[in-house]
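Heads up, the thing below is written out as structure tokens.
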Amino acid sequence: MSTASRLPQIAGRLIARLPRTVDDSVRRLAVASLVGQTLLVVTGGAVRLTASGLGCPTWPRCTETSLVNTAEMGIHGFIEFGNRLLTFALAAVALAMLVYLWNLRKERRDLFLLALGLLASIPAQAVIGGITVLTNLNPWVVGLHFLVSMALVVIATLLVNRAYGRTGRHAGVQLPALPGVMRPVTAAVGLFSALAVMLGVVVTGSGPHAGDADAPRNGLDWDLFSHIHAVPAYVITAGTLFALVLVIVRRIQGPFRTSVLLLLSVTLLQAVIGFTQYYNGIPALLVGAHMLGAALLMSAAANSADLARSSPVT
């Protein structure tokens, strides 16, 4: 029997070995997706803040003659190509997740579709990244690249929650009942978190950290939009504090309490970083920390809203 004729049998044996329940391997891959998407935000920030946006001056190759960066390109080429390379690692994780979920693709359609979305995002992000290079770092395209990463952090957060059985139709964790107001409050916090991130993109596109010394800015008033950017941050803080008060008064325990405490911690940390960078000439290191904080904020807000939506109502 030829190797080609044996392929269906080999594939059948491999599929038979794949999980038929959500096991630790699936959960680890979900966590790896979330960590990887967050790390991609950090490396993308490093590209922008070190003026390495054109470290690879063309796309899809790094140079006209090389797929990878060369020694002559220096640190900027290394940073830019490293960010590109991370997308391949994320694609491998997402593909592995789909493979592990193959036997569960009908039973756990929620997990399969979330993992498929993460995998499908890789070529989309690559194309957007290529357009940023080909348009010489147009600030609006660069901003879109960042916003897609934020959306993927949210998707990866939902994937983790469902893989661990905390939320969704197949939730195995018994969540305590919450006051009915928690759902709209946490949903509003999530929406204003997204608004704060979008306005942050506008602020960055009008400031000095545009990805390259000669990269164009969006031409907007940086100081004005910095103040506008702070408005949804105040709403996020107020909404989170309101949720915390209800958690304490109603003596709510479990994952939701933890999620609110985490959300408040990230929100306050973002506020401290934001004010510090504003009054100290927006140093690159603090801007990078603020970008990481944005990813953590979106994850924490999505987590709280997801838990509130899955919890029974008193």
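Chain labels A, B, ... are given in the sequence in which chains occur in the structure tokens; within each chain residues are numbered consecutively from 1, and ligands are likewise numbered from 1 in the order shown.
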So that I can check the surroundings of segment 99-116 of chain A, please list as a VMD selection string every protein, DNA and RNA residue that reaches within 9 Å of it, counting only C-alpha atoms and ignoring chain neighbours fewer than 3 positions away. chain A and resid 15 to 16 18 to 22 25 to 26 30 33 94 to 96 119 to 121 155 to 156 158 to 159 162 to 163 168 to 170
Just write the chosen residues, C-alpha atoms, as a PDB file, in the first residue's frame.
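File written: result-v8.pdb
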```pdb
ATOM      1  CA  ILE A  15      -7.937  12.497  14.787  1.00  0.00           C
ATOM      2  CA  ALA A  16      -8.880   9.675  17.121  1.00  0.00           C
ATOM      3  CA  LEU A  18      -7.384  14.368  19.649  1.00  0.00           C
ATOM      4  CA  PRO A  19      -9.333  15.428  22.752  1.00  0.00           C
ATOM      5  CA  ARG A  20     -13.065  14.758  22.982  1.00  0.00           C
ATOM      6  CA  THR A  21     -13.430  16.983  26.012  1.00  0.00           C
ATOM      7  CA  VAL A  22     -11.967  20.394  26.828  1.00  0.00           C
ATOM      8  CA  SER A  25      -4.067  21.244  26.457  1.00  0.00           C
ATOM      9  CA  VAL A  26      -6.987  23.240  25.078  1.00  0.00           C
ATOM     10  CA  ALA A  30      -6.341  29.491  25.012  1.00  0.00           C
ATOM     11  CA  SER A  33      -3.478  32.961  22.606  1.00  0.00           C
ATOM     12  CA  ALA A  94      -4.473  29.352  16.725  1.00  0.00           C
ATOM     13  CA  LEU A  95      -4.017  26.493  14.248  1.00  0.00           C
ATOM     14  CA  ALA A  96      -3.060  24.103  17.053  1.00  0.00           C
ATOM     15  CA  LEU A 119      -6.542  32.351  13.044  1.00  0.00           C
ATOM     16  CA  ALA A 120      -8.392  34.319  10.354  1.00  0.00           C
ATOM     17  CA  SER A 121      -7.126  37.550  11.897  1.00  0.00           C
ATOM     18  CA  ILE A 155     -11.660  37.558  21.582  1.00  0.00           C
ATOM     19  CA  ALA A 156      -8.792  35.720  23.277  1.00  0.00           C
ATOM     20  CA  LEU A 158     -13.591  35.230  25.778  1.00  0.00           C
ATOM     21  CA  LEU A 159     -11.811  32.106  24.548  1.00  0.00           C
ATOM     22  CA  ARG A 162     -15.090  29.534  27.818  1.00  0.00           C
ATOM     23  CA  ALA A 163     -12.185  27.103  27.810  1.00  0.00           C
ATOM     24  CA  GLY A 168     -21.051  30.693  27.913  1.00  0.00           C
ATOM     25  CA  ARG A 169     -23.605  27.962  27.313  1.00  0.00           C
ATOM     26  CA  HIS A 170     -21.234  25.267  28.532  1.00  0.00           C
TER      27      HIS A 170
END
```
For Val260 of chain A: contacts at 10 Å, only C-alpha atoms, fewer than 3 positions along chain excluded, given as a compact mmCIF listing (two decimals) with all heavy atoms, in the first residue's frame:
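Saved result, around12.txt, follows:
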```
# COMPACT_ATOMS: atom_id res chain seq x y z
N THR A 186 -21.30 46.91 33.57
CA THR A 186 -20.07 46.32 33.03
C THR A 186 -20.02 46.43 31.51
O THR A 186 -18.93 46.61 30.93
CB THR A 186 -19.94 44.85 33.44
OG1 THR A 186 -21.13 44.13 33.07
CG2 THR A 186 -19.74 44.73 34.95
N THR A 240 -16.52 51.29 37.42
CA THR A 240 -15.84 50.22 38.15
C THR A 240 -15.99 50.39 39.66
O THR A 240 -16.21 49.41 40.39
CB THR A 240 -14.35 50.19 37.76
OG1 THR A 240 -14.24 50.07 36.34
CG2 THR A 240 -13.65 49.01 38.39
N LEU A 241 -15.88 51.62 40.14
CA LEU A 241 -16.07 51.87 41.57
C LEU A 241 -17.51 51.54 41.99
O LEU A 241 -17.73 50.99 43.08
CB LEU A 241 -15.75 53.33 41.90
CG LEU A 241 -14.27 53.70 41.88
CD1 LEU A 241 -14.09 55.21 42.03
CD2 LEU A 241 -13.51 52.96 42.99
N PHE A 242 -18.48 51.88 41.15
CA PHE A 242 -19.87 51.54 41.43
C PHE A 242 -20.04 50.02 41.55
O PHE A 242 -20.70 49.52 42.47
CB PHE A 242 -20.78 52.09 40.34
CG PHE A 242 -22.23 51.76 40.51
CD1 PHE A 242 -23.01 52.45 41.43
CD2 PHE A 242 -22.81 50.75 39.76
CE1 PHE A 242 -24.35 52.15 41.59
CE2 PHE A 242 -24.15 50.43 39.92
CZ PHE A 242 -24.93 51.13 40.84
N ALA A 243 -19.44 49.28 40.62
CA ALA A 243 -19.52 47.82 40.66
C ALA A 243 -18.85 47.28 41.92
O ALA A 243 -19.35 46.34 42.55
CB ALA A 243 -18.86 47.23 39.41
N LEU A 244 -17.72 47.87 42.31
CA LEU A 244 -17.02 47.42 43.51
C LEU A 244 -17.86 47.65 44.76
O LEU A 244 -17.90 46.79 45.66
CB LEU A 244 -15.68 48.13 43.63
CG LEU A 244 -14.83 47.76 44.85
CD1 LEU A 244 -14.46 46.28 44.81
CD2 LEU A 244 -13.58 48.62 44.91
N VAL A 247 -20.40 44.99 44.91
CA VAL A 247 -19.76 43.72 45.26
C VAL A 247 -19.54 43.63 46.77
O VAL A 247 -19.78 42.60 47.40
CB VAL A 247 -18.43 43.56 44.50
CG1 VAL A 247 -17.55 42.48 45.15
CG2 VAL A 247 -18.68 43.22 43.04
N PRO A 255 -15.46 34.57 40.95
CA PRO A 255 -14.74 35.16 39.82
C PRO A 255 -15.14 36.60 39.53
O PRO A 255 -14.29 37.40 39.12
CB PRO A 255 -15.10 34.24 38.65
CG PRO A 255 -15.48 32.94 39.29
CD PRO A 255 -16.12 33.30 40.59
N PHE A 256 -16.43 36.95 39.72
CA PHE A 256 -16.83 38.31 39.38
C PHE A 256 -16.19 39.32 40.31
O PHE A 256 -15.74 40.39 39.88
CB PHE A 256 -18.35 38.47 39.41
CG PHE A 256 -18.81 39.83 38.96
CD1 PHE A 256 -18.79 40.17 37.62
CD2 PHE A 256 -19.20 40.79 39.88
CE1 PHE A 256 -19.18 41.43 37.19
CE2 PHE A 256 -19.59 42.06 39.46
CZ PHE A 256 -19.58 42.38 38.12
N ARG A 257 -16.14 39.01 41.59
CA ARG A 257 -15.48 39.92 42.54
C ARG A 257 -14.02 40.12 42.14
O ARG A 257 -13.52 41.25 42.13
CB ARG A 257 -15.57 39.34 43.96
CG ARG A 257 -14.89 40.20 45.03
CD ARG A 257 -14.82 39.44 46.34
NE ARG A 257 -14.24 40.25 47.40
CZ ARG A 257 -14.92 40.95 48.29
NH1 ARG A 257 -16.25 40.95 48.25
NH2 ARG A 257 -14.31 41.66 49.21
N LEU A 263 -10.09 44.81 37.36
CA LEU A 263 -10.43 45.92 36.48
C LEU A 263 -10.10 47.25 37.14
O LEU A 263 -9.55 48.16 36.49
CB LEU A 263 -11.91 45.86 36.13
CG LEU A 263 -12.47 46.98 35.24
CD1 LEU A 263 -11.71 47.07 33.92
CD2 LEU A 263 -13.95 46.76 34.99
N LEU A 264 -10.40 47.39 38.42
CA LEU A 264 -10.09 48.63 39.12
C LEU A 264 -8.58 48.85 39.20
O LEU A 264 -8.10 49.98 38.99
CB LEU A 264 -10.68 48.61 40.53
CG LEU A 264 -10.44 49.86 41.38
CD1 LEU A 264 -11.07 51.08 40.72
CD2 LEU A 264 -10.98 49.67 42.80
N SER A 265 -7.83 47.80 39.45
CA SER A 265 -6.37 47.91 39.54
C SER A 265 -5.78 48.37 38.21
O SER A 265 -4.94 49.28 38.18
CB SER A 265 -5.76 46.56 39.93
OG SER A 265 -6.22 46.14 41.20
N VAL A 266 -6.24 47.78 37.11
CA VAL A 266 -5.73 48.16 35.79
C VAL A 266 -6.13 49.59 35.45
O VAL A 266 -5.33 50.37 34.92
CB VAL A 266 -6.25 47.18 34.71
CG1 VAL A 266 -5.85 47.67 33.32
CG2 VAL A 266 -5.71 45.78 34.95
N ALA A 300 -9.54 43.03 30.86
CA ALA A 300 -10.22 43.05 32.16
C ALA A 300 -11.67 43.49 32.01
O ALA A 300 -12.57 42.93 32.66
CB ALA A 300 -9.48 43.99 33.11
N ALA A 301 -11.93 44.49 31.15
CA ALA A 301 -13.30 44.96 30.95
C ALA A 301 -14.14 43.88 30.27
O ALA A 301 -15.31 43.66 30.64
CB ALA A 301 -13.29 46.23 30.11
N ASN A 303 -13.63 40.68 30.42
CA ASN A 303 -13.80 39.61 31.40
C ASN A 303 -14.95 39.92 32.34
O ASN A 303 -15.83 39.07 32.59
CB ASN A 303 -12.50 39.43 32.18
CG ASN A 303 -12.59 38.32 33.21
OD1 ASN A 303 -13.10 37.24 32.92
ND2 ASN A 303 -12.09 38.57 34.39
N SER A 304 -15.00 41.14 32.89
CA SER A 304 -16.07 41.51 33.82
C SER A 304 -17.43 41.48 33.14
O SER A 304 -18.41 40.97 33.69
CB SER A 304 -15.80 42.91 34.41
OG SER A 304 -14.69 42.90 35.27
N ALA A 305 -17.51 42.05 31.93
CA ALA A 305 -18.78 42.07 31.22
C ALA A 305 -19.23 40.67 30.87
O ALA A 305 -20.43 40.34 30.94
CB ALA A 305 -18.65 42.92 29.96
```
All residues 8 Å or closer to Val313 of chain A, only C-alpha atoms, same chain fewer than 4 positions away omitted, as a list of chain:residue names: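 Using only C-alpha atoms, the neighbours found are A:Ala177, A:Leu178, A:Pro179, A:Gly180.
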Env of Ala294 of chain A: 10 Å cut, atoms = only C-alpha atoms, seq-sep filter 5 positions within chain, self excluded. Answer as a list of chain:residue names. A:Thr38, A:Val41, A:Met150, A:Ser193, A:Ala194, A:Ala196, A:Val197, A:Gly200, A:Val266, A:Thr267, A:Gln270, A:Gly288, A:Ala289, A:Ser299, A:Ala300
In Å, rounded to a single decimal, give me how far atom CA of Pro57 of chain A is from atom CA of Asn69 of chain A.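 Atom CA of Pro57 of chain A lies 10.0 Å from atom CA of Asn69 of chain A.
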Fewer than 5 positions away in the same chain doesn't count, so skip those; otherwise give me all residues within 12 Å of Ala124 of chain A, counting only C-alpha atoms, as a PyMOL selection string. chain A and resi 87+91+117-119+129-131+144-145+148-149+152
What does the distance between atom CA of Ser259 of chain A and atom CA of Ala302 of chain A come to in Å, to one decimal place?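 Computing the Euclidean distance for atom CA of Ser259 of chain A and atom CA of Ala302 of chain A yields 9.6 Å.
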Between atom CA of Pro123 of chain A and atom CA of Ser66 of chain A, measure the distance and give it in Å to one decimal. 19.9 Å
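Comparing A:Leu195, A:Val153, A:Ile236, A:Val160 by their smallest distance to Gln37 of chain A, the closest is A:Val153 (using only C-alpha atoms).
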Enumerate as a ChimeraX atom specification all residues of segment 34-223 of chain A assigned to alpha helix (DSSP H) by DSSP on the backbone, naming them with the chain letters and numbers the document uses. /A:34-49,74-100,109-134,139-163,182-206,222-223
Of the residues A:Ala271, A:Ala92, A:Leu175, A:Ala238, which is the one nearest to Arg309 of chain A, using only C-alpha atoms?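 Checking each candidate against Arg309 of chain A, we get A:Leu175 as the closest.
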